[in-house]
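Student: My file is entry.cif. It has mmCIF, C-alpha atoms, pLDDT in the B column; chains and numbers go by the auth columns:
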data_protein
#
loop_
_atom_site.group_PDB
_atom_site.id
_atom_site.type_symbol
_atom_site.label_atom_id
_atom_site.label_comp_id
_atom_site.label_asym_id
_atom_site.label_seq_id
_atom_site.Cartn_x
_atom_site.Cartn_y
_atom_site.Cartn_z
_atom_site.B_iso_or_equiv
_atom_site.auth_seq_id
_atom_site.auth_asym_id
ATOM 1 C CA GLY A 1 131.774 148.216 148.514 38.00 1 A
ATOM 2 C CA GLU A 2 128.041 148.529 148.742 42.00 2 A
ATOM 3 C CA SER A 3 126.414 151.305 146.820 50.00 3 A
ATOM 4 C CA VAL A 4 123.191 152.829 145.698 61.00 4 A
ATOM 5 C CA GLY A 5 122.604 153.039 141.984 53.00 5 A
ATOM 6 C CA LEU A 6 119.955 154.071 139.525 44.00 6 A
ATOM 7 C CA HIS A 7 118.617 152.060 136.632 47.00 7 A
ATOM 8 C CA LEU A 8 118.284 154.849 134.084 53.00 8 A
ATOM 9 C CA PRO A 9 120.453 157.938 133.774 87.00 9 A
ATOM 10 C CA THR A 10 117.860 159.993 131.837 92.00 10 A
ATOM 11 C CA LEU A 11 114.109 160.109 131.571 95.00 11 A
ATOM 12 C CA SER A 12 112.047 162.251 129.230 96.00 12 A
ATOM 13 C CA VAL A 13 108.291 162.612 129.666 97.00 13 A
ATOM 14 C CA GLN A 14 105.488 164.750 128.330 97.00 14 A
ATOM 15 C CA GLU A 15 103.957 167.350 130.572 97.00 15 A
ATOM 16 C CA GLY A 16 100.999 165.867 132.377 97.00 16 A
ATOM 17 C CA ASP A 17 102.251 162.290 132.207 97.00 17 A
ATOM 18 C CA ASN A 18 103.337 160.343 135.244 97.00 18 A
ATOM 19 C CA SER A 19 107.045 159.767 135.828 97.00 19 A
ATOM 20 C CA ILE A 20 108.691 156.812 137.494 97.00 20 A
ATOM 21 C CA ILE A 21 112.304 157.008 138.581 96.00 21 A
ATOM 22 C CA ASN A 22 113.968 153.870 139.849 94.00 22 A
ATOM 23 C CA CYS A 23 116.793 153.146 142.243 94.00 23 A
ATOM 24 C CA ALA A 24 118.546 149.957 143.286 92.00 24 A
ATOM 25 C CA TYR A 25 120.365 149.666 146.554 88.00 25 A
ATOM 26 C CA SER A 26 122.642 146.918 147.707 80.00 26 A
ATOM 27 C CA ASN A 27 123.017 147.407 151.455 91.00 27 A
ATOM 28 C CA SER A 28 120.339 145.325 153.131 92.00 28 A
ATOM 29 C CA ALA A 29 121.126 147.049 156.430 93.00 29 A
ATOM 30 C CA SER A 30 119.853 150.408 155.159 94.00 30 A
ATOM 31 C CA ASP A 31 116.818 151.465 157.124 93.00 31 A
ATOM 32 C CA TYR A 32 116.018 154.880 155.716 94.00 32 A
ATOM 33 C CA PHE A 33 115.748 156.103 152.144 95.00 33 A
ATOM 34 C CA ILE A 34 115.361 159.578 150.752 95.00 34 A
ATOM 35 C CA TRP A 35 114.633 161.076 147.362 96.00 35 A
ATOM 36 C CA TYR A 36 116.163 164.433 146.506 96.00 36 A
ATOM 37 C CA LYS A 37 115.643 166.818 143.611 97.00 37 A
ATOM 38 C CA GLN A 38 118.557 168.905 142.442 97.00 38 A
ATOM 39 C CA GLU A 39 118.197 171.752 140.010 96.00 39 A
ATOM 40 C CA SER A 40 121.201 173.027 138.122 93.00 40 A
ATOM 41 C CA GLY A 41 123.624 174.933 140.340 93.00 41 A
ATOM 42 C CA LYS A 42 121.649 174.322 143.518 95.00 42 A
ATOM 43 C CA GLY A 43 121.809 172.041 146.512 96.00 43 A
ATOM 44 C CA PRO A 44 119.613 168.947 146.825 96.00 44 A
ATOM 45 C CA GLN A 45 116.047 169.498 147.866 95.00 45 A
ATOM 46 C CA PHE A 46 114.241 166.925 149.984 93.00 46 A
ATOM 47 C CA ILE A 47 111.246 165.376 148.242 95.00 47 A
ATOM 48 C CA ILE A 48 110.114 162.400 150.282 96.00 48 A
ATOM 49 C CA ASP A 49 111.516 159.727 152.532 95.00 49 A
ATOM 50 C CA ILE A 50 110.592 156.251 153.653 96.00 50 A
ATOM 51 C CA ARG A 51 111.733 153.982 156.419 95.00 51 A
ATOM 52 C CA SER A 52 112.422 150.315 155.910 95.00 52 A
ATOM 53 C CA ASN A 53 109.360 149.269 157.908 95.00 53 A
ATOM 54 C CA MET A 54 107.127 150.759 155.208 97.00 54 A
ATOM 55 C CA ASP A 55 106.408 149.768 151.603 97.00 55 A
ATOM 56 C CA LYS A 56 104.803 152.949 150.367 98.00 56 A
ATOM 57 C CA ARG A 57 104.590 156.568 151.306 98.00 57 A
ATOM 58 C CA GLN A 58 102.694 159.329 149.575 97.00 58 A
ATOM 59 C CA GLY A 59 103.250 163.032 149.457 95.00 59 A
ATOM 60 C CA GLN A 60 101.899 165.789 147.311 93.00 60 A
ATOM 61 C CA ARG A 61 102.026 164.415 143.735 96.00 61 A
ATOM 62 C CA VAL A 62 104.832 162.041 144.730 98.00 62 A
ATOM 63 C CA THR A 63 104.857 158.460 145.930 98.00 63 A
ATOM 64 C CA VAL A 64 107.825 156.400 147.037 98.00 64 A
ATOM 65 C CA LEU A 65 107.698 152.633 146.872 98.00 65 A
ATOM 66 C CA LEU A 66 110.143 150.380 148.643 98.00 66 A
ATOM 67 C CA ASN A 67 110.638 146.742 147.770 97.00 67 A
ATOM 68 C CA LYS A 68 113.052 145.275 150.261 94.00 68 A
ATOM 69 C CA THR A 69 112.928 141.832 148.694 94.00 69 A
ATOM 70 C CA VAL A 70 114.686 143.033 145.561 94.00 70 A
ATOM 71 C CA LYS A 71 116.263 146.104 147.161 94.00 71 A
ATOM 72 C CA HIS A 72 114.453 148.509 144.881 95.00 72 A
ATOM 73 C CA LEU A 73 113.159 152.016 145.431 96.00 73 A
ATOM 74 C CA SER A 74 111.050 154.090 143.097 97.00 74 A
ATOM 75 C CA LEU A 75 109.760 157.624 142.939 98.00 75 A
ATOM 76 C CA GLN A 76 106.508 158.275 141.152 98.00 76 A
ATOM 77 C CA ILE A 77 105.610 161.808 140.162 98.00 77 A
ATOM 78 C CA ALA A 78 102.019 162.357 139.110 98.00 78 A
ATOM 79 C CA ALA A 79 101.060 164.853 136.416 97.00 79 A
ATOM 80 C CA THR A 80 104.656 165.832 135.764 98.00 80 A
ATOM 81 C CA GLN A 81 105.204 169.531 135.203 97.00 81 A
ATOM 82 C CA PRO A 82 108.046 171.443 133.511 96.00 82 A
ATOM 83 C CA GLY A 83 109.155 172.590 136.956 97.00 83 A
ATOM 84 C CA ASP A 84 109.850 168.972 137.831 98.00 84 A
ATOM 85 C CA SER A 85 112.748 168.901 135.363 97.00 85 A
ATOM 86 C CA ALA A 86 115.854 168.256 137.427 97.00 86 A
ATOM 87 C CA VAL A 87 118.235 165.531 138.522 96.00 87 A
ATOM 88 C CA TYR A 88 116.758 163.121 141.049 97.00 88 A
ATOM 89 C CA PHE A 89 118.894 161.229 143.528 96.00 89 A
ATOM 90 C CA CYS A 90 118.007 158.482 145.903 95.00 90 A
ATOM 91 C CA ALA A 91 120.036 158.131 149.064 95.00 91 A
ATOM 92 C CA GLU A 92 120.231 155.408 151.668 94.00 92 A
ATOM 93 C CA ASN A 93 121.020 155.724 155.304 91.00 93 A
ATOM 94 C CA ILE A 94 121.812 153.338 158.112 87.00 94 A
ATOM 95 C CA ASP A 95 120.911 154.015 161.714 79.00 95 A
ATOM 96 C CA ALA A 96 120.822 157.819 161.339 74.00 96 A
ATOM 97 C CA GLY A 97 124.373 157.851 160.059 81.00 97 A
ATOM 98 C CA LYS A 98 125.746 159.246 156.821 86.00 98 A
ATOM 99 C CA SER A 99 123.755 159.073 153.599 90.00 99 A
ATOM 100 C CA THR A 100 125.033 157.392 150.447 92.00 100 A
ATOM 101 C CA PHE A 101 123.795 158.900 147.210 94.00 101 A
ATOM 102 C CA GLY A 102 122.989 157.112 143.991 91.00 102 A
ATOM 103 C CA ASP A 103 124.131 158.250 140.565 88.00 103 A
ATOM 104 C CA GLY A 104 121.109 160.367 139.689 92.00 104 A
ATOM 105 C CA THR A 105 118.468 160.391 136.974 95.00 105 A
ATOM 106 C CA THR A 106 117.960 163.458 134.823 96.00 106 A
ATOM 107 C CA LEU A 107 114.255 164.081 134.310 97.00 107 A
ATOM 108 C CA THR A 108 113.268 166.243 131.353 97.00 108 A
ATOM 109 C CA VAL A 109 109.644 167.303 131.013 97.00 109 A
ATOM 110 C CA LYS A 110 108.593 168.299 127.532 95.00 110 A
ATOM 111 C CA PRO A 111 105.801 170.896 127.298 90.00 111 A
ATOM 112 C CA GLY B 1 112.296 176.419 158.989 65.00 1 B
ATOM 113 C CA ALA B 2 115.435 174.241 158.690 85.00 2 B
ATOM 114 C CA VAL B 3 117.402 176.584 156.448 92.00 3 B
ATOM 115 C CA VAL B 4 121.055 176.054 155.722 96.00 4 B
ATOM 116 C CA SER B 5 123.146 178.735 154.063 97.00 5 B
ATOM 117 C CA GLN B 6 126.568 178.655 152.478 98.00 6 B
ATOM 118 C CA HIS B 7 128.991 181.451 151.825 98.00 7 B
ATOM 119 C CA PRO B 8 130.298 182.268 149.347 98.00 8 B
ATOM 120 C CA SER B 9 128.015 180.930 146.634 98.00 9 B
ATOM 121 C CA ARG B 10 130.888 180.944 144.191 97.00 10 B
ATOM 122 C CA VAL B 11 134.571 181.687 144.467 98.00 11 B
ATOM 123 C CA ILE B 12 137.500 181.832 142.105 98.00 12 B
ATOM 124 C CA CYS B 13 140.971 181.492 143.516 97.00 13 B
ATOM 125 C CA LYS B 14 144.472 181.065 142.196 97.00 14 B
ATOM 126 C CA SER B 15 146.311 177.774 142.384 98.00 15 B
ATOM 127 C CA GLY B 16 148.228 177.440 145.635 97.00 16 B
ATOM 128 C CA THR B 17 145.975 179.667 147.698 98.00 17 B
ATOM 129 C CA SER B 18 143.476 178.603 150.346 98.00 18 B
ATOM 130 C CA VAL B 19 139.765 179.254 150.402 98.00 19 B
ATOM 131 C CA LYS B 20 137.256 178.950 153.231 98.00 20 B
ATOM 132 C CA ILE B 21 133.624 177.984 152.769 98.00 21 B
ATOM 133 C CA GLU B 22 131.094 178.574 155.524 98.00 22 B
ATOM 134 C CA CYS B 23 128.007 176.522 156.260 97.00 23 B
ATOM 135 C CA ARG B 24 125.417 177.882 158.665 96.00 24 B
ATOM 136 C CA SER B 25 122.201 176.493 160.064 94.00 25 B
ATOM 137 C CA LEU B 26 120.005 179.569 160.330 93.00 26 B
ATOM 138 C CA ASP B 27 117.088 178.440 162.446 89.00 27 B
ATOM 139 C CA PHE B 28 118.179 175.282 164.202 88.00 28 B
ATOM 140 C CA GLN B 29 121.140 173.861 166.017 89.00 29 B
ATOM 141 C CA ALA B 30 123.118 171.408 163.944 89.00 30 B
ATOM 142 C CA THR B 31 124.822 168.739 165.964 87.00 31 B
ATOM 143 C CA THR B 32 126.172 167.110 162.822 92.00 32 B
ATOM 144 C CA MET B 33 127.213 168.638 159.544 94.00 33 B
ATOM 145 C CA PHE B 34 128.257 166.861 156.385 95.00 34 B
ATOM 146 C CA TRP B 35 130.438 168.125 153.544 97.00 35 B
ATOM 147 C CA TYR B 36 129.968 166.815 150.019 97.00 36 B
ATOM 148 C CA ARG B 37 131.733 167.414 146.750 97.00 37 B
ATOM 149 C CA GLN B 38 130.004 167.129 143.410 96.00 38 B
ATOM 150 C CA PHE B 39 131.712 167.125 140.017 93.00 39 B
ATOM 151 C CA PRO B 40 129.716 167.992 136.876 89.00 40 B
ATOM 152 C CA LYS B 41 127.079 165.426 135.975 88.00 41 B
ATOM 153 C CA GLN B 42 128.042 163.266 138.929 91.00 42 B
ATOM 154 C CA SER B 43 126.517 162.407 142.247 93.00 43 B
ATOM 155 C CA LEU B 44 127.293 163.869 145.629 95.00 44 B
ATOM 156 C CA MET B 45 130.316 162.304 147.270 95.00 45 B
ATOM 157 C CA LEU B 46 130.602 162.588 151.022 96.00 46 B
ATOM 158 C CA MET B 47 133.903 164.086 152.098 97.00 47 B
ATOM 159 C CA ALA B 48 133.539 164.230 155.852 96.00 48 B
ATOM 160 C CA THR B 49 131.187 164.250 158.796 94.00 49 B
ATOM 161 C CA SER B 50 131.666 166.732 161.588 92.00 50 B
ATOM 162 C CA ASN B 51 130.104 166.846 165.018 89.00 51 B
ATOM 163 C CA GLU B 52 130.122 170.042 167.012 85.00 52 B
ATOM 164 C CA GLY B 53 133.147 170.304 169.212 83.00 53 B
ATOM 165 C CA SER B 54 134.948 167.240 167.914 86.00 54 B
ATOM 166 C CA LYS B 55 137.232 166.356 165.029 89.00 55 B
ATOM 167 C CA ALA B 56 135.726 165.581 161.676 94.00 56 B
ATOM 168 C CA THR B 57 135.560 162.047 160.350 94.00 57 B
ATOM 169 C CA TYR B 58 136.872 161.913 156.809 96.00 58 B
ATOM 170 C CA GLU B 59 135.850 159.465 154.128 95.00 59 B
ATOM 171 C CA GLN B 60 138.453 157.185 152.632 95.00 60 B
ATOM 172 C CA GLY B 61 140.570 158.983 150.069 95.00 61 B
ATOM 173 C CA VAL B 62 139.852 162.492 151.361 97.00 62 B
ATOM 174 C CA GLU B 63 142.973 164.291 152.585 95.00 63 B
ATOM 175 C CA LYS B 64 142.222 165.747 155.986 94.00 64 B
ATOM 176 C CA ASP B 65 145.242 168.062 155.839 96.00 65 B
ATOM 177 C CA LYS B 66 144.021 169.513 152.571 97.00 66 B
ATOM 178 C CA PHE B 67 140.351 169.846 153.452 98.00 67 B
ATOM 179 C CA LEU B 68 140.243 171.343 156.921 97.00 68 B
ATOM 180 C CA ILE B 69 136.874 171.161 158.627 96.00 69 B
ATOM 181 C CA ASN B 70 135.937 173.066 161.739 92.00 70 B
ATOM 182 C CA HIS B 71 132.602 172.759 163.539 90.00 71 B
ATOM 183 C CA ALA B 72 133.140 175.112 166.408 83.00 72 B
ATOM 184 C CA SER B 73 129.510 175.950 167.120 91.00 73 B
ATOM 185 C CA LEU B 74 126.093 174.409 166.696 91.00 74 B
ATOM 186 C CA THR B 75 125.309 176.733 163.813 93.00 75 B
ATOM 187 C CA LEU B 76 128.556 176.992 161.890 94.00 76 B
ATOM 188 C CA SER B 77 130.925 174.638 160.122 95.00 77 B
ATOM 189 C CA THR B 78 133.735 175.693 157.815 96.00 78 B
ATOM 190 C CA LEU B 79 135.598 173.860 155.084 98.00 79 B
ATOM 191 C CA THR B 80 138.997 175.238 154.120 98.00 80 B
ATOM 192 C CA VAL B 81 140.572 174.004 150.923 98.00 81 B
ATOM 193 C CA THR B 82 144.289 174.506 151.437 97.00 82 B
ATOM 194 C CA SER B 83 146.803 174.933 148.631 97.00 83 B
ATOM 195 C CA ALA B 84 144.033 174.629 146.077 97.00 84 B
ATOM 196 C CA HIS B 85 144.723 173.149 142.666 97.00 85 B
ATOM 197 C CA PRO B 86 142.603 173.148 139.499 97.00 86 B
ATOM 198 C CA GLU B 87 141.490 169.576 140.217 96.00 87 B
ATOM 199 C CA ASP B 88 139.854 170.865 143.416 97.00 88 B
ATOM 200 C CA SER B 89 137.442 172.864 141.291 97.00 89 B
ATOM 201 C CA SER B 90 134.036 171.480 142.152 97.00 90 B
ATOM 202 C CA PHE B 91 130.653 172.172 143.710 98.00 91 B
ATOM 203 C CA TYR B 92 130.890 171.873 147.485 98.00 92 B
ATOM 204 C CA ILE B 93 127.674 171.261 149.393 98.00 93 B
ATOM 205 C CA CYS B 94 127.082 171.062 153.109 97.00 94 B
ATOM 206 C CA SER B 95 124.177 169.582 154.983 96.00 95 B
ATOM 207 C CA ALA B 96 123.155 169.769 158.595 94.00 96 B
ATOM 208 C CA ARG B 97 121.304 167.499 160.944 90.00 97 B
ATOM 209 C CA GLY B 98 119.582 168.974 163.954 79.00 98 B
ATOM 210 C CA ALA B 99 119.430 167.895 167.534 64.00 99 B
ATOM 211 C CA GLY B 100 115.648 167.680 167.678 57.00 100 B
ATOM 212 C CA GLY B 101 112.968 166.193 165.468 54.00 101 B
ATOM 213 C CA SER B 102 113.833 163.274 163.232 58.00 102 B
ATOM 214 C CA SER B 103 117.408 162.225 163.752 63.00 103 B
ATOM 215 C CA TYR B 104 117.524 161.150 160.119 74.00 104 B
ATOM 216 C CA GLU B 105 116.662 164.408 158.401 82.00 105 B
ATOM 217 C CA GLN B 106 119.422 166.374 156.698 88.00 106 B
ATOM 218 C CA TYR B 107 119.010 169.871 155.367 92.00 107 B
ATOM 219 C CA PHE B 108 121.208 170.914 152.482 95.00 108 B
ATOM 220 C CA GLY B 109 122.824 174.213 151.731 97.00 109 B
ATOM 221 C CA PRO B 110 122.720 175.795 148.273 97.00 110 B
ATOM 222 C CA GLY B 111 126.302 174.839 147.464 98.00 111 B
ATOM 223 C CA THR B 112 129.511 176.721 146.715 98.00 112 B
ATOM 224 C CA ARG B 113 131.066 176.662 143.270 98.00 113 B
ATOM 225 C CA LEU B 114 134.856 176.681 143.578 98.00 114 B
ATOM 226 C CA THR B 115 136.984 177.394 140.549 98.00 115 B
ATOM 227 C CA VAL B 116 140.755 177.192 140.893 98.00 116 B
ATOM 228 C CA THR B 117 142.714 178.871 138.120 97.00 117 B
#
Starting from the file, give its structure as structure tokens.
Tutor:
Amino acid sequence: GESVGLHLPTLSVQEGDNSIINCAYSNSASDYFIWYKQESGKGPQFIIDIRSNMDKRQGQRVTVLLNKTVKHLSLQIAATQPGDSAVYFCAENIDAGKSTFGDGTTLTVKP
Amino acid sequence: GAVVSQHPSRVICKSGTSVKIECRSLDFQATTMFWYRQFPKQSLMLMATSNEGSKATYEQGVEKDKFLINHASLTLSTLTVTSAHPEDSSFYICSARGAGGSSYEQYFGPGTRLTVT
């Protein structure tokens, strides 16, 4: 079946550097994408979303890029901080239905 | 706003017993609630989707007679794990989608850690 996956399972960066977390999706019908942050023992926390009619969306220190041609999604975190250490999931959604989660990337920020 | 709570946060039960997990939307009405299960170092796997006042829709491979879902009101959904076994030990997470605002947004609860001994 179709699925959402991530390119890298782990990412380690120095505090203050920028982080880029990637995600590949395979369902071309997906029209809404979300990035979540999950800290150990907690539920997912919404970071940023983007609809398929957009290529880029910016939030506070975060940017999501969507490339529909190659079905690729990325999350950029500027000036990464130790508090950003967590597992990051992308999720795809079709027509306001259920969300399908990717495998997750563990981000570790070294002080 | 858009807070979702779960109770209990963690529970330990003996094999063969049943356990109920509650999911509440505290400041909005949730027309749809989702139940996920997450094993260690794995992603969230959707178990079922429930709409208020109707039967839940279960994902393929999820036993509806084992995982009973009730969404009797716009602020409460419950998941009951019946005749629990050690392999049911997992992190159970609910999310809720409201009637107003963006129809896409889901708000997640903090999760319930179930350990079956």
Student: Using all atoms listed in the file, which protein or nucleic acid residues come within 12 Å of segment 12-25 of chain A? Drop anything in the same chain fewer than 5 positions from it, and give the result as a PyMOL selection string.
Tutor: chain A and resi 1-7+30-37+61-93+100-111
Student: What is the atom CA of Ser25 of chain B to atom CA of Arg57 of chain A distance in Å?
Tutor: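 According to the coordinates, atom CA of Ser25 of chain B and atom CA of Arg57 of chain A are separated by 28.0 Å.
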Student: Quick check, in Å to one decimal: how far apart do atom CA of Ser9 of chain B and atom CA of Pro110 of chain B lie?
Tutor: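 That distance, rounded to one decimal, is 7.6 Å.
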Student: With all atoms listed in the file as the basis for distance, which of B:Gln38, B:Gln6, B:Gln60, B:Thr75 is at the shortest distance from Arg97 of chain B?
Tutor: B:Thr75
Student: As an exercise, work out the distance from atom CA of His85 of chain B to atom CA of Thr117 of chain B in Å and give it to one decimal place.
Tutor: 7.6 Å
Student: Starting from the shown file, work through the PyMOL selection byres ((chain B) within 7 of (chain A)) and note down what comes out as a list of chain:residue names.
Tutor: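 When the PyMOL selection byres ((chain B) within 7 of (chain A)) is applied, the selected residues are B:Gln42, B:Ser43, B:Leu44, B:Ile93, B:Ser103, B:Tyr104, B:Phe108, B:Gly109, B:Pro110, B:Gly111.
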Student: Please write as a list in words the full residue list that the PyMOL selection byres ((chain B and resi 20) around 7) yields on this file.
Tutor: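 For this structure, the PyMOL selection byres ((chain B and resi 20) around 7) resolves to Ser18, Val19, Ile21, Glu22, Thr78, Leu79, Thr80 and Val81 of chain B.
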Student: I want to know what sits within 10 Å of Ser73 of chain B, based on only C-alpha atoms, with residues of the same chain fewer than 4 positions away left out; could you give that as a compact mmCIF listing (two decimals) with C-alpha atoms, keeping the file's coordinate frame?
Tutor:
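As written to disk, part19.txt reads:
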# COMPACT_ATOMS: atom_id res chain seq x y z
CA ARG B 24 125.42 177.88 158.66
CA GLN B 29 121.14 173.86 166.02
CA ALA B 30 123.12 171.41 163.94
CA THR B 31 124.82 168.74 165.96
CA ASN B 51 130.10 166.85 165.02
CA GLU B 52 130.12 170.04 167.01
CA GLY B 53 133.15 170.30 169.21
CA SER B 77 130.93 174.64 160.12
Student: Give the centre and edge lengths of an axis-aligned box, in Å to one decimal, that holds all listed atoms of segment 69-74 of chain A with 5 Å on each side, as JSON.
Tutor:
{"center_x": 113.7, "center_y": 148.0, "center_z": 145.9, "size_x": 15.2, "size_y": 22.3, "size_z": 15.6}
Student: Just checking: using all atoms listed in the file, which residue out of B:Thr57, B:Ser95, B:Thr112, B:Asn70 ends up closest to Val11 of chain B?
Tutor: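 Checking each of B:Thr57, B:Ser95, B:Thr112, B:Asn70 against Val11 of chain B, counting all atoms listed in the file, the winner is B:Thr112.
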